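Everything below concerns the one structure shown next.
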Amino acid sequence: MSKISDSLNLKNIVCPFCSLHCDDLEIDVHDNKLYVKSNVPKSCAFKYEKLNLPKFKDMVTTVKGKPCEPKKAYQYSRQLIKKSKETVLLNSSSDVNVTREVLSAASKVNAIVDHVNSSIFLKNISIYQRRGYMATSLTEIKNKSDVIIVFSNNLFETYPRLMEKFLATKNSFSVNSKKKEIYVIGKKVKNTKDCNIRDKRITYIDFNNRNITKLINSFISKKNESSISNKIFNKLLASIETSKYLSVLWATSEFDSYKECDEIIYNISAYVVSLNKTSRAACLSLSGNDGDVSFSQTLGWMTGFPSRIKFTGNFFEYDRDANNAIQLINSGNSDLVIHLNPISEKKLVLNKKNKNIVIGRPCTKFNIEPDVFISCGIPGIDFKGHIFRTDNVVSLPLTSLRMSHNRSTQEILREILK
Amino acid sequence: MTTLCLKNGQIFDPINKIFNKKKDIYIKDGKIVEKLNEKISETINCKNKIIMPGAIDLHTHIGGGKVNIARLMLQEFHNNSDRDYDLTADFIPSTLKTGLQYIKMGYTSCFEPAVLPINARQSHSEMADTPFIDKGGYALLGNDDFLLDLISRGAHQSEINDYVAFILKATQCIGIKVVNPGGINAFKFNQRALNVDENSVRYKITPRKIVRLLARAVYELGVPHPLHVHCSNLGVPGNFKSTIETIKAAEGLPVHITHIQFHSYGNNGDRNFSSASAEITDYINKIPNLTCDVGQVLFGQTATMSGDSMKQHANHSHAHPDKWLCMDIECEAGCGVVPFKYTDQSFVNALQWAIGLETFLLTEDPDKIFLTTDHPNGAPFTSYPHLIKLLMDKSFRDNLLDQLSVDISKHTILKDIKREYTLSEIATMTRSAPARILGLRNKGSLSKEADADITIYDSNIKDVEEMFASPTHVIKDGVVVVKDGEIKNYTWGKTQVVKPEYDATIEKKLKKYFDKYHTIALPNYSISNDEMSEVIGSDINEVKCNRKRIS
């Protein structure tokens, strides 16, 4: 960690904010302020530079919306925990070490542990819990894929550097990168300030992704029954059939609101599996923007389950339905929710029916004022850590870039559980 | 300062050639000492007790991406009705349960044999969350595009050595493993098989060449553990020939063939599946630098997990239950997780069981063969006491053979083998031999200054399976952690690593490769000592190389 007066130039910094966790950032640190020097989309750089505002650095503790000494916030949190009969530890974003501490905390207070994105990543896991699955990772796609299909409606907003850094790359080890064929299938893509979407290798196909199953069936029958024009369909099918290594990507979170979601991801996966009888093809489900990959992996090795476990004494149980935090909260069956949000900028949705303690990055937004708010440092900005990338296999080191006035989530959890 | 005296025990300490001899052991500050001049904190009466060094498992899949995939894939098996520790199944236990079950069996050091360099952080994190035991990993090479490209361009051995040494440092591993040499990579280019002398389509190099170069690199760098080899053609009938060719590929240099049971198959008989344990053990017995572990199959549900995505994909139709996952990983290797149930109603499974036992029993020197089930591929590690009984008790073994649902008596020589392992031989194959082959000079021994990792068994228990399943005491780094089957203290072992010298110019070449083709930066690929202790959560212990690097 740098001293406040230091001027530093830091290279190969891992970004904690989206699940690509790009690690090529060059950051200057002057007077404890962060300046992104790399040529990255402005939206990515802004995530760092806004943290220079005092409100994103100072420690803030509130009780019932009123600023107070940290001691009071800790004390009141302890009271709430002591009174609680059903505590939920709800993760909204974290790295591996925060998740480790969350489990330790849950075992001390017999709490339920869940993640706000559980319903989405459980759908991804359920593919290989029910059937076969062929998966791949980003470096394989970059170097081996000659044909890439991405089903997405908002690729450039959610993953600003996916195309530039991983898919439509200048160099590929095993294929001619100039001849790569990339299909982005979904709502018509708009130009954004940040991302250059014009690349000869990319074909955008305006398509309602609710109908992916129909499209997949058309691939199988080789008869176009989708809304795509025959010309484009035939080009796409020919690319698939001649590909040597096809990669198919999607983000389940985009389909989560569709009633066809499970069917869609199953059909994509089953089609890709079938292609491997004679050729090579593999899937990558994009996820993890809220640290959910780190969360589910860590819970996996520590408990055997990806989320939704409940501690009772020294024992824990998994129940996908009974320990669904969102349902418990909505039904008023939890009296205390401890929200953990050290990384994400997303607004937290709190429920009045229960008491809410939020341990979150400075300036965490809420729909209603929590009973207690304790600001914490951000892994990768204020503290070291490590975090899993979207492909589930690469985990990267998070660095401490500046002196922080905030304590780590782990320290705060230990403090309020004393 | 903690001092401990183990009084009047019967010692089995193969390194010092002490077998069943009464002796007192003294411990001070985590180490074995000759005598204690200060007040003894605790004396354990070891009359009628057997004392051995803590056991070492040199091949057990306990941490990393594939293990976690299996845990999540097979949740329906997490239903431990005993409600001890947690729900997870014995063949895919949580990290906590892994540590608890190993220590309760007297195992104090365990090694994950398939650490993908890119996944090393996860492997070490999982192992760091595994209590009690010391741990370590073998980094996977031999299917990575960087190395295959180097070889195909005719790189000098010294450059390969530099790369191997860099990988060991970057991944904080203790050894190098090659899985289906070149085959995993070839599968990414749609090759479905690759024999020892067959060229891969992409790189035009053979598995033989990969094994030869890597075995030499490991040897020349002075890495204590020989190249750990998962041979080509895993599980394929008739594969014993390619196993022998793989052994020959090392050209007499030290090499360790892992889960050799899965590579000892003939293709004779009306079912085109037969035992080739005699041919394989003949090689083990006659070649001095060759060691192996068995990968014994025992009946029951398990999950097979391997970096060998080529063979796992080929075998996915045997999945039980019917689900599986294969993955291509980061231009380094792959993985495949296929659940499987070994049943004694299956001729193939029953014969696999017999082939493993034949291999143990026909290998003459217990210093050359190690007790493994390739956890969980052949069976969970919790079945070791049962396996020990099979080796030590011929009548027990013969009875089980007679009780198999399928008659394999005409296909196995098991009944003709009279050998019964002795306690001394079990101590050798589970303690001193793995310590020696891993270069762990302070482990697997009750010598002065050795780590006080000690297991005490009750010799009054006549059933060896029961005796090995429930030591009366287990001592880790001088602390009594298990007493009468109960956990007394929690401790956290270290990660054993090896760091041979290398010429740093290899990092310049790697940086170019990473900048151009990889998706992460080279500095973020490497795990520093500080990251190991401060972030991952495990201190390291650097094992010395056998000698200075041969240039």
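Ligands are numbered from 1 in the order shown, residues from 1 within each chain, and chains are lettered A, B, ... in the order they appear in the structure tokens.
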Select all residues from chain A having any atom no more than 7 Å from an atom of chain B (counting only C-alpha atoms, ignoring ligands), output as an mmCIF file with C-alpha atoms, in the first residue's frame.
```cif
data_model
loop_
_atom_site.group_PDB
_atom_site.id
_atom_site.type_symbol
_atom_site.label_atom_id
_atom_site.label_comp_id
_atom_site.auth_asym_id
_atom_site.auth_seq_id
_atom_site.Cartn_x
_atom_site.Cartn_y
_atom_site.Cartn_z
ATOM 1 C CA ASN A 12 -1.001 -4.470 -14.476
ATOM 2 C CA ASP A 23 -5.628 -6.645 -15.456
ATOM 3 C CA ASP A 24 -3.889 -4.291 -17.856
ATOM 4 C CA TYR A 128 -24.161 -29.447 -15.542
ATOM 5 C CA GLN A 129 -26.139 -30.644 -12.552
ATOM 6 C CA ARG A 130 -28.621 -32.137 -15.013
ATOM 7 C CA ARG A 131 -26.751 -32.873 -18.238
ATOM 8 C CA GLY A 132 -23.453 -32.713 -20.038
ATOM 9 C CA TYR A 133 -21.665 -29.428 -20.646
ATOM 10 C CA MET A 134 -18.729 -28.285 -22.753
ATOM 11 C CA ALA A 135 -17.105 -25.162 -21.370
ATOM 12 C CA THR A 136 -14.279 -22.911 -22.411
ATOM 13 C CA SER A 137 -12.415 -19.894 -21.099
ATOM 14 C CA LEU A 138 -11.441 -16.498 -22.444
ATOM 15 C CA THR A 139 -7.848 -17.241 -23.502
ATOM 16 C CA GLU A 140 -9.010 -20.310 -25.407
ATOM 17 C CA ASN A 143 -6.600 -17.984 -29.476
ATOM 18 C CA PHE A 166 -11.015 -11.007 -25.641
ATOM 19 C CA ASN A 171 -3.621 -11.498 -32.221
ATOM 20 C CA SER A 172 -4.591 -15.127 -31.957
ATOM 21 C CA PHE A 173 -2.179 -17.978 -31.484
ATOM 22 C CA SER A 279 -15.964 -30.996 -34.287
ATOM 23 C CA ARG A 280 -14.985 -28.774 -31.392
ATOM 24 C CA GLY A 300 -18.450 -24.539 -3.091
ATOM 25 C CA TRP A 301 -15.148 -25.554 -1.571
ATOM 26 C CA MET A 302 -16.073 -24.615 1.984
ATOM 27 C CA THR A 303 -19.535 -26.202 2.065
ATOM 28 C CA GLY A 304 -20.159 -28.176 -1.135
ATOM 29 C CA PHE A 305 -22.982 -25.798 -2.128
ATOM 30 C CA PRO A 306 -22.924 -22.585 -4.155
ATOM 31 C CA PHE A 315 -23.640 -27.663 11.274
ATOM 32 C CA PHE A 316 -25.112 -26.205 8.136
ATOM 33 C CA LYS A 384 -5.665 -6.824 -1.193
ATOM 34 C CA GLY A 385 -7.752 -9.793 -2.162
ATOM 35 C CA VAL A 393 -11.201 -20.741 -13.710
ATOM 36 C CA VAL A 394 -8.999 -17.646 -13.593
ATOM 37 C CA SER A 395 -8.665 -15.838 -10.310
ATOM 38 C CA LEU A 396 -6.672 -12.669 -10.094
ATOM 39 C CA PRO A 397 -4.924 -10.761 -7.335
#
```
What parts of range 190-244 of chain A does DSSP call alpha helix (DSSP H)? I'd like the answer as a ChimeraX atom specification. /A:212-221,230-242
Could you please take those selected residues and save N, CA and C atoms as a JSON list (two decimals), in the first residue's frame?
```
[["chain", "number", "residue", "atom", "x", "y", "z"],
["A", 212, "ILE", "N", -34.45, -17.93, -28.91],
["A", 212, "ILE", "CA", -33.19, -18.65, -29.19],
["A", 212, "ILE", "C", -33.46, -20.13, -29.46],
["A", 213, "THR", "N", -34.37, -20.72, -28.72],
["A", 213, "THR", "CA", -34.64, -22.15, -28.93],
["A", 213, "THR", "C", -35.06, -22.42, -30.38],
["A", 214, "LYS", "N", -35.88, -21.54, -30.88],
["A", 214, "LYS", "CA", -36.32, -21.70, -32.27],
["A", 214, "LYS", "C", -35.12, -21.61, -33.23],
["A", 215, "LEU", "N", -34.24, -20.70, -32.92],
["A", 215, "LEU", "CA", -33.04, -20.54, -33.76],
["A", 215, "LEU", "C", -32.15, -21.79, -33.69],
["A", 216, "ILE", "N", -31.97, -22.30, -32.49],
["A", 216, "ILE", "CA", -31.15, -23.51, -32.32],
["A", 216, "ILE", "C", -31.79, -24.67, -33.09],
["A", 217, "ASN", "N", -33.11, -24.80, -32.97],
["A", 217, "ASN", "CA", -33.79, -25.87, -33.70],
["A", 217, "ASN", "C", -33.62, -25.70, -35.21],
["A", 218, "SER", "N", -33.58, -24.45, -35.64],
["A", 218, "SER", "CA", -33.35, -24.20, -37.07],
["A", 218, "SER", "C", -31.94, -24.64, -37.49],
["A", 219, "PHE", "N", -30.97, -24.43, -36.58],
["A", 219, "PHE", "CA", -29.60, -24.91, -36.87],
["A", 219, "PHE", "C", -29.62, -26.43, -37.01],
["A", 220, "ILE", "N", -30.33, -27.06, -36.11],
["A", 220, "ILE", "CA", -30.33, -28.53, -36.10],
["A", 220, "ILE", "C", -31.02, -29.08, -37.37],
["A", 221, "SER", "N", -32.18, -28.48, -37.68],
["A", 221, "SER", "CA", -32.93, -28.98, -38.85],
["A", 221, "SER", "C", -32.39, -28.41, -40.17],
["A", 230, "ASN", "N", -33.09, -15.32, -44.44],
["A", 230, "ASN", "CA", -32.44, -16.55, -44.92],
["A", 230, "ASN", "C", -30.98, -16.33, -45.26],
["A", 231, "LYS", "N", -30.69, -15.17, -45.79],
["A", 231, "LYS", "CA", -29.30, -14.89, -46.20],
["A", 231, "LYS", "C", -28.37, -14.92, -44.98],
["A", 232, "ILE", "N", -28.77, -14.20, -43.96],
["A", 232, "ILE", "CA", -27.94, -14.15, -42.74],
["A", 232, "ILE", "C", -27.93, -15.51, -42.05],
["A", 233, "PHE", "N", -29.11, -16.16, -42.00],
["A", 233, "PHE", "CA", -29.18, -17.47, -41.36],
["A", 233, "PHE", "C", -28.23, -18.45, -42.03],
["A", 234, "ASN", "N", -28.25, -18.46, -43.35],
["A", 234, "ASN", "CA", -27.39, -19.41, -44.08],
["A", 234, "ASN", "C", -25.91, -19.12, -43.85],
["A", 235, "LYS", "N", -25.59, -17.84, -43.76],
["A", 235, "LYS", "CA", -24.19, -17.47, -43.50],
["A", 235, "LYS", "C", -23.78, -17.96, -42.09],
["A", 236, "LEU", "N", -24.67, -17.73, -41.14],
["A", 236, "LEU", "CA", -24.40, -18.15, -39.77],
["A", 236, "LEU", "C", -24.27, -19.67, -39.67],
["A", 237, "LEU", "N", -25.18, -20.37, -40.30],
["A", 237, "LEU", "CA", -25.15, -21.84, -40.26],
["A", 237, "LEU", "C", -23.88, -22.37, -40.92],
["A", 238, "ALA", "N", -23.51, -21.77, -42.03],
["A", 238, "ALA", "CA", -22.29, -22.20, -42.73],
["A", 238, "ALA", "C", -21.07, -21.98, -41.83],
["A", 239, "SER", "N", -21.06, -20.85, -41.14],
["A", 239, "SER", "CA", -19.94, -20.57, -40.22],
["A", 239, "SER", "C", -19.86, -21.63, -39.13],
["A", 240, "ILE", "N", -21.01, -21.98, -38.60],
["A", 240, "ILE", "CA", -21.03, -22.99, -37.53],
["A", 240, "ILE", "C", -20.51, -24.32, -38.07],
["A", 241, "GLU", "N", -21.02, -24.69, -39.24],
["A", 241, "GLU", "CA", -20.70, -26.01, -39.78],
["A", 241, "GLU", "C", -19.25, -26.15, -40.24],
["A", 242, "THR", "N", -18.65, -25.04, -40.58],
["A", 242, "THR", "CA", -17.24, -25.12, -41.02],
["A", 242, "THR", "C", -16.26, -24.73, -39.92]]
```
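Non-sequential neighbours of range 173-182 of chain B (distance at most 6 Å, separation of 3 or more positions within a chain, only C-alpha atoms) are B:Gly137, B:Tyr138, B:Ala139, B:Leu140, B:Leu141, B:Gly142, B:Asn143, B:Leu168, B:Asn185, B:Pro207, B:His225, B:Leu227, B:His228, B:Val229, B:His230, B:Cys231, B:Ser232, B:Val497, B:Val498.
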List as a PyMOL selection string the protein and nucleic acid residues near Thr495 in chain B, meaning an atom at most 7 Å away when only C-alpha atoms are counted, but skip any in the same chain fewer than 6 places from it. chain B and resi 134-136+538-541
Do a neighbour search on range 77-88 of chain A at 8 Å with only C-alpha atoms, toss out local chain neighbours closer than 4 positions, and write the hits as a list in words.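 What passes the distance filter is Ala73, Val109, Asn110, Ala111, Ile112, Val113, Asp114, Ala325, Asn333, Ser334, Asp335, Leu336, Val337, Ile338, Lys355, Ile357, Val372, Ile416, Leu417 and Lys418 of chain A.
Taking only C-alpha atoms into account, Phe299 in chain B lies nearest to B:Ser405 out of the set B:Thr281, B:Asn272, B:Gln261, B:Ser405.
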Would you mind reading off the distance between CA of Leu6 in chain B and CA of Ile456 in chain B, one decimal, in Å?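 Separation of CA of Leu6 in chain B and CA of Ile456 in chain B: 9.3 Å.
Atom pair CA of Ala217 in chain B / CA of Asp162 in chain B has a distance of 8.4 Å (rounded to one decimal).
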